[in-house]
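Undergrad: This one is coords02.txt, compact mmCIF, C-alpha atoms and all ligand atoms.
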```txt
# COMPACT_ATOMS: atom_id res chain seq x y z
CA MET K 6 -19.85 2.32 -17.98
CA GLY K 7 -18.84 5.98 -17.92
CA SER K 8 -22.30 7.47 -17.17
CA GLN K 9 -22.84 9.66 -14.13
CA TRP K 10 -24.75 6.80 -12.54
CA SER K 11 -21.98 4.29 -13.09
CA ARG K 12 -19.38 6.76 -11.80
CA ASP K 13 -21.37 7.13 -8.60
CA LYS K 14 -21.81 3.39 -8.45
CA THR K 15 -18.04 2.90 -8.67
CA TYR K 16 -17.48 5.46 -5.95
CA LEU K 17 -20.00 3.80 -3.66
CA GLN K 18 -18.59 0.35 -4.35
CA ALA K 19 -15.11 1.58 -3.43
CA LYS K 20 -16.32 3.23 -0.24
CA GLN K 21 -18.38 0.20 0.77
CA ALA K 22 -15.32 -2.00 0.31
CA GLY K 23 -13.38 0.28 2.66
CA TYR K 24 -11.18 1.95 0.05
CA ARG K 25 -10.23 5.61 0.23
CA SER K 26 -11.12 6.39 -3.37
CA ARG K 27 -12.60 4.93 -6.52
CA ALA K 28 -9.04 4.64 -7.90
CA ALA K 29 -8.78 1.41 -5.90
CA LEU K 30 -11.30 -0.31 -8.18
CA LYS K 31 -9.42 0.95 -11.22
CA LEU K 32 -6.20 -0.63 -9.98
CA LYS K 33 -8.03 -3.86 -9.17
CA GLU K 34 -9.40 -3.95 -12.71
CA ILE K 35 -5.95 -3.23 -14.18
CA LEU K 36 -4.34 -5.96 -12.07
CA LYS K 37 -7.08 -8.47 -12.86
CA ASN K 38 -6.20 -8.06 -16.53
CA ASN K 39 -2.46 -7.59 -15.96
CA PRO K 40 -1.38 -9.50 -12.83
CA VAL K 41 2.07 -7.98 -12.40
CA ILE K 42 2.41 -7.91 -8.59
CA ARG K 43 3.73 -11.08 -6.96
CA SER K 44 3.03 -12.07 -3.35
CA ASP K 45 6.45 -10.99 -2.05
CA ASP K 46 7.18 -8.02 -4.32
CA ASN K 47 8.52 -4.74 -2.98
CA ILE K 48 6.40 -2.02 -4.56
CA LEU K 49 6.94 1.72 -4.94
CA ASP K 50 3.76 3.75 -5.52
CA LEU K 51 4.40 7.23 -6.98
CA GLY K 52 1.62 9.78 -6.53
CA ALA K 53 -0.05 7.66 -3.85
CA ALA K 54 -2.41 9.99 -1.92
CA PRO K 55 -4.99 9.47 -0.53
CA GLY K 56 -3.72 5.86 -0.44
CA SER K 57 -6.28 3.59 -2.06
CA TRP K 58 -3.70 1.96 -4.34
CA LEU K 59 -1.58 1.30 -1.24
CA GLN K 60 -4.59 -0.50 0.28
CA VAL K 61 -4.94 -2.69 -2.82
CA ILE K 62 -1.20 -3.40 -3.08
CA ARG K 63 -1.12 -4.44 0.59
CA GLU K 64 -3.78 -7.07 -0.13
CA ILE K 65 -1.51 -8.66 -2.74
CA THR K 66 2.04 -8.55 -1.43
CA SER K 67 3.76 -9.01 1.92
CA GLY K 68 6.83 -7.15 0.63
CA VAL K 69 7.94 -3.61 1.42
CA ILE K 70 5.45 -1.04 0.11
CA VAL K 71 6.31 2.64 -0.11
CA GLY K 72 3.98 5.41 -1.25
CA VAL K 73 5.20 8.89 -2.21
CA ASP K 74 3.04 11.97 -2.59
CA LEU K 75 3.24 15.75 -2.37
CA ASN K 76 0.36 15.48 0.10
CA PRO K 77 0.60 13.59 3.38
CA ILE K 78 -1.04 10.16 3.36
CA THR K 79 -3.00 8.93 6.38
CA PRO K 80 -1.11 5.74 7.34
CA VAL K 81 -2.12 2.51 5.62
CA GLU K 82 -1.22 -0.49 7.77
CA GLY K 83 1.79 -2.40 6.48
CA THR K 84 3.01 0.40 4.21
CA LYS K 85 5.45 3.31 4.52
CA THR K 86 4.95 6.76 3.11
CA ILE K 87 7.13 9.68 2.11
CA THR K 88 5.68 13.17 1.82
CA GLY K 89 7.48 15.00 -0.96
CA ASP K 90 8.08 15.46 -4.66
CA PHE K 91 9.30 12.26 -6.31
CA THR K 92 11.27 14.31 -8.84
CA SER K 93 13.51 15.63 -6.05
CA PRO K 94 16.88 13.96 -5.31
CA LEU K 95 16.14 14.16 -1.59
CA VAL K 96 13.01 12.03 -1.97
CA ILE K 97 14.83 9.60 -4.23
CA ALA K 98 17.53 9.22 -1.56
CA GLN K 99 14.78 8.44 1.00
CA ILE K 100 13.27 5.82 -1.31
CA LYS K 101 16.67 4.15 -1.75
CA GLU K 102 17.19 4.08 1.99
CA ILE K 103 13.87 2.35 2.69
CA MET K 104 13.86 0.06 -0.37
CA PRO K 105 17.06 -1.85 -1.10
CA GLU K 106 15.27 -3.69 -3.92
CA ILE K 107 12.22 -2.64 -5.97
CA ASN K 108 10.29 -5.26 -7.95
CA GLY K 109 7.47 -3.03 -9.13
CA ILE K 110 6.73 0.65 -9.60
CA LEU K 111 3.20 2.02 -9.90
CA CYS K 112 2.62 5.63 -10.88
CA ASP K 113 -0.84 7.19 -10.75
CA ALA K 114 0.54 10.73 -10.40
CA SER K 115 -1.25 13.59 -12.11
CA PRO K 116 -0.19 17.22 -12.15
CA ARG K 117 -2.63 19.80 -10.82
CA LEU K 118 -4.69 20.82 -13.85
CA SER K 119 -4.37 24.38 -15.17
CA GLY K 120 -7.24 24.18 -17.64
CA SER K 121 -4.95 24.51 -20.68
CA ARG K 122 -5.14 21.13 -22.38
CA SER K 123 -1.77 21.27 -24.16
CA TYR K 124 0.06 22.63 -21.11
CA ASP K 125 -1.47 19.98 -18.83
CA GLN K 126 -0.62 17.26 -21.36
CA ALA K 127 3.03 18.39 -21.48
CA ARG K 128 3.26 18.43 -17.67
CA ALA K 129 1.68 14.99 -17.40
CA ILE K 130 4.18 13.54 -19.86
CA ASP K 131 7.01 15.30 -18.04
CA LEU K 132 5.88 13.63 -14.79
CA ASN K 133 5.78 10.29 -16.63
CA VAL K 134 9.35 10.81 -17.83
CA GLN K 135 10.50 11.55 -14.27
CA ALA K 136 8.78 8.38 -13.03
CA LEU K 137 10.37 6.41 -15.86
CA LYS K 138 13.82 7.72 -14.90
CA ILE K 139 13.23 6.44 -11.37
CA ALA K 140 12.28 3.05 -12.82
CA GLU K 141 15.32 3.05 -15.10
CA SER K 142 17.56 3.72 -12.13
CA LEU K 143 15.96 1.79 -9.25
CA LEU K 144 13.86 -1.05 -10.66
CA LYS K 145 15.27 -4.53 -10.34
CA GLN K 146 15.94 -6.38 -13.56
CA GLY K 147 12.77 -8.30 -14.47
CA GLY K 148 10.63 -5.79 -12.56
CA ASN K 149 7.34 -4.29 -13.73
CA LEU K 150 5.88 -0.81 -14.16
CA ILE K 151 2.29 0.43 -14.30
CA MET K 152 2.02 4.07 -15.20
CA LYS K 153 -0.93 6.37 -15.82
CA SER K 154 -0.47 8.58 -18.85
CA PHE K 155 -2.56 10.66 -21.22
CA GLN K 156 -2.83 10.22 -24.96
CA GLY K 157 -1.71 13.26 -26.93
CA GLU K 158 1.46 15.08 -27.87
CA ASP K 159 4.67 13.31 -26.81
CA PHE K 160 2.81 10.17 -25.69
CA SER K 161 4.32 8.09 -28.49
CA SER K 162 7.89 9.15 -27.69
CA LEU K 163 7.32 8.23 -24.03
CA TYR K 164 5.82 4.90 -25.08
CA ASN K 165 8.74 4.15 -27.42
CA ARG K 166 11.25 4.88 -24.67
CA ILE K 167 9.43 2.48 -22.33
CA LYS K 168 9.49 -0.15 -25.09
CA GLN K 169 13.28 0.10 -25.15
CA ASP K 170 13.44 -0.49 -21.39
CA PHE K 171 11.07 -3.45 -21.01
CA TYR K 172 10.60 -6.74 -22.84
CA SER K 173 6.81 -6.43 -22.91
CA VAL K 174 4.78 -3.19 -23.08
CA ARG K 175 1.09 -2.57 -23.73
CA THR K 176 -1.55 0.03 -22.99
CA TYR K 177 -4.72 -0.55 -21.03
CA GLN K 178 -7.82 1.64 -20.87
CA ALA K 179 -9.73 1.06 -17.65
CA LYS K 180 -13.50 0.62 -17.91
CA THR K 181 -13.89 2.89 -14.90
CA THR K 182 -12.10 5.78 -16.68
CA ARG K 183 -14.41 8.74 -17.25
CA LYS K 184 -15.93 8.97 -20.72
CA GLY K 185 -13.98 11.30 -23.04
CA SER K 186 -10.83 11.15 -20.90
CA THR K 187 -7.49 10.60 -22.66
CA GLU K 188 -6.25 8.68 -19.62
CA ILE K 189 -4.45 5.47 -20.44
CA TYR K 190 -2.31 3.06 -18.41
CA ILE K 191 1.00 1.73 -19.64
CA ILE K 192 1.76 -1.80 -18.48
CA ALA K 193 5.46 -2.55 -18.85
CA LYS K 194 6.72 -5.98 -17.86
CA ASN K 195 10.17 -7.49 -17.40
CA PHE K 196 12.59 -4.58 -17.06
CA ILE K 197 15.71 -5.12 -19.18
CA GLY K 198 18.33 -3.39 -17.03
CA ASN K 199 19.47 -0.40 -15.04
CA GLY K 200 20.44 3.05 -16.33
CA PRO K 201 21.98 5.97 -14.44
CA ASP K 202 19.77 8.79 -15.70
CA LEU K 203 18.21 9.98 -12.42
CA PRO K 204 17.51 13.60 -11.41
CA GLY K 205 20.41 15.02 -9.42
CA GLU K 206 22.81 12.18 -10.15
CA ASP K 207 25.88 11.93 -12.32
CA GLU K 208 26.55 9.10 -14.73
CA ASN K 209 27.88 6.99 -11.84
CA GLY K 210 24.62 7.32 -9.93
CA HIS K 211 26.12 9.69 -7.34
CA ALA K 212 23.97 12.55 -6.05
C1 LIG Q 301 -4.97 10.61 -8.84
S1 LIG Q 301 -4.05 10.95 -7.42
C2 LIG Q 301 -3.45 9.37 -6.94
C3 LIG Q 301 -4.51 8.48 -6.34
C4 LIG Q 301 -3.92 7.25 -5.68
N1 LIG Q 301 -3.44 6.30 -6.68
C5 LIG Q 301 -4.93 6.54 -4.81
O1 LIG Q 301 -5.41 5.50 -5.22
O2 LIG Q 301 -5.23 7.01 -3.73
C6 LIG Q 301 -2.59 11.72 -8.09
C7 LIG Q 301 -1.59 12.14 -7.03
O3 LIG Q 301 -0.34 12.47 -7.67
C8 LIG Q 301 0.33 13.34 -6.78
N2 LIG Q 301 1.50 13.96 -7.43
C9 LIG Q 301 1.53 14.71 -8.56
N3 LIG Q 301 2.80 15.10 -8.83
C10 LIG Q 301 3.59 14.56 -7.86
C11 LIG Q 301 5.00 14.62 -7.59
N4 LIG Q 301 5.84 15.27 -8.40
N5 LIG Q 301 5.48 13.98 -6.50
C12 LIG Q 301 4.62 13.31 -5.67
N6 LIG Q 301 3.28 13.22 -5.89
C13 LIG Q 301 2.77 13.84 -6.96
C14 LIG Q 301 -0.76 14.33 -6.38
O4 LIG Q 301 -0.44 15.02 -5.21
C15 LIG Q 301 -1.99 13.40 -6.23
O5 LIG Q 301 -2.21 13.06 -4.88
```
As structure tokens, how would this structure be written, given the file I've shared?

TA:
Amino acid sequence: MGSQWSRDKTYLQAKQAGYRSRAALKLKEILKNNPVIRSDDNILDLGAAPGSWLQVIREITSGVIVGVDLNPITPVEGTKTITGDFTSPLVIAQIKEIMPEINGILCDASPRLSGSRSYDQARAIDLNVQALKIAESLLKQGGNLIMKSFQGEDFSSLYNRIKQDFYSVRTYQAKTTRKGSTEIYIIAKNFIGNGPDLPGEDENGHA
């Protein structure tokens, strides 16, 4: 895996199966090895465009599925989408309105790359921290989180924070990840409890 040929093969496989991007096969692989979505789970997908993860999630659960992205997402049947920045209190308020209960959060968000490795790494981890804050505030006790991250500076402090929030945490490197990439998925299972630390909210959870 990882050669140009295999990358193209993955892309073609995804397209032939009707998925919007090769990321669908990555999520399928992750879930095959870490089956964390139950058949009635409500799932929030952060950084969801163009929507291939939403397609995969819909195949698994009949619960409420919401995808959030800066870019508009062409509708995926059986899912709802929000166009906006998931770090903004306005978007978080919209999520809360649509989803009274969240059993799982998936985050495949990546910042737009600048070309500076250390700057991009810092922004990626910052995005991870924002997604984690959403999980800490909105995820139901016992819920699960799958989050894309990148190995490098500050990864271990992020990982340690997640370990404090969930009973079981591991990393998973997808076979379909491009060779040489530092991309890694964090699989966090069984959320311990809720915290108030959400952007734009006070310690009582008020915006
Ligand atoms: C790799 S793509 C996600 C692919 C998606 N999982 C799929 O299967 O179609 C990463 C996405 O993260 C989104 N993103 C990055 N920062 C974001 C933010 N703060 N709020 C919402 N979306 C964000 C980008 O717009 C981009 O569409």

Undergrad: Counting all atoms listed in the file, which residue out of K:Val134, K:Met152, K:Ile139, K:Ile100 sits closest to Val69 of chain K?

TA: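 Result for the nearest residue to Val69 of chain K: K:Ile100.
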
Undergrad: Given the point (-1.9, 4.2, 0.9) in the file's coordinates, find the residues that have an atom at most 7 Å from it, counting only C-alpha atoms, and give them as a ChimeraX atom specification.

TA: /K:53-60,72,78,80-81

Undergrad: Would you compute the distance between atom CA of Tyr172 of chain K and atom CA of Pro40 of chain K? Give it in Å to one decimal.

TA: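 It comes out at 15.9 Å.
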
Undergrad: Which residue is closest to ligand LIG 301 (chain Q)? Choose from K:Ser44, K:Thr181, K:Asn133, K:Asn195 and count only C-alpha atoms and all ligand atoms.

TA: K:Asn133

Undergrad: For ligand LIG 301 (chain Q), return the neighbouring residues as a tab-separated table (two decimals) with C-alpha atoms, in the frame of the given file (distance at most 10 Å; all atoms listed in the file).

TA:
```tsv
chain	number	residue	atom	x	y	z
K	24	TYR	CA	-11.18	1.95	0.05
K	25	ARG	CA	-10.23	5.61	0.23
K	26	SER	CA	-11.12	6.39	-3.37
K	27	ARG	CA	-12.60	4.93	-6.52
K	28	ALA	CA	-9.04	4.64	-7.90
K	29	ALA	CA	-8.78	1.41	-5.90
K	30	LEU	CA	-11.30	-0.31	-8.18
K	31	LYS	CA	-9.42	0.95	-11.22
K	32	LEU	CA	-6.20	-0.63	-9.98
K	50	ASP	CA	3.76	3.75	-5.52
K	51	LEU	CA	4.40	7.23	-6.98
K	52	GLY	CA	1.62	9.78	-6.53
K	53	ALA	CA	-0.05	7.66	-3.85
K	54	ALA	CA	-2.41	9.99	-1.92
K	55	PRO	CA	-4.99	9.47	-0.53
K	56	GLY	CA	-3.72	5.86	-0.44
K	57	SER	CA	-6.28	3.59	-2.06
K	58	TRP	CA	-3.70	1.96	-4.34
K	59	LEU	CA	-1.58	1.30	-1.24
K	60	GLN	CA	-4.59	-0.50	0.28
K	61	VAL	CA	-4.94	-2.69	-2.82
K	72	GLY	CA	3.98	5.41	-1.25
K	73	VAL	CA	5.20	8.89	-2.21
K	74	ASP	CA	3.04	11.97	-2.59
K	75	LEU	CA	3.24	15.75	-2.37
K	76	ASN	CA	0.36	15.48	0.10
K	77	PRO	CA	0.60	13.59	3.38
K	78	ILE	CA	-1.04	10.16	3.36
K	87	ILE	CA	7.13	9.68	2.11
K	88	THR	CA	5.68	13.17	1.82
K	89	GLY	CA	7.48	15.00	-0.96
K	90	ASP	CA	8.08	15.46	-4.66
K	91	PHE	CA	9.30	12.26	-6.31
K	92	THR	CA	11.27	14.31	-8.84
K	93	SER	CA	13.51	15.63	-6.05
K	96	VAL	CA	13.01	12.03	-1.97
K	111	LEU	CA	3.20	2.02	-9.90
K	112	CYS	CA	2.62	5.63	-10.88
K	113	ASP	CA	-0.84	7.19	-10.75
K	114	ALA	CA	0.54	10.73	-10.40
K	115	SER	CA	-1.25	13.59	-12.11
K	116	PRO	CA	-0.19	17.22	-12.15
K	117	ARG	CA	-2.63	19.80	-10.82
K	128	ARG	CA	3.26	18.43	-17.67
K	129	ALA	CA	1.68	14.99	-17.40
K	131	ASP	CA	7.01	15.30	-18.04
K	132	LEU	CA	5.88	13.63	-14.79
K	133	ASN	CA	5.78	10.29	-16.63
K	135	GLN	CA	10.50	11.55	-14.27
K	136	ALA	CA	8.78	8.38	-13.03
K	153	LYS	CA	-0.93	6.37	-15.82
```

Undergrad: Would you mind reading off the distance between atom CA of Ile167 of chain K and atom CA of Ile192 of chain K, one decimal, in Å?

TA: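 Atom CA of Ile192 of chain K lies 9.6 Å from atom CA of Ile167 of chain K.
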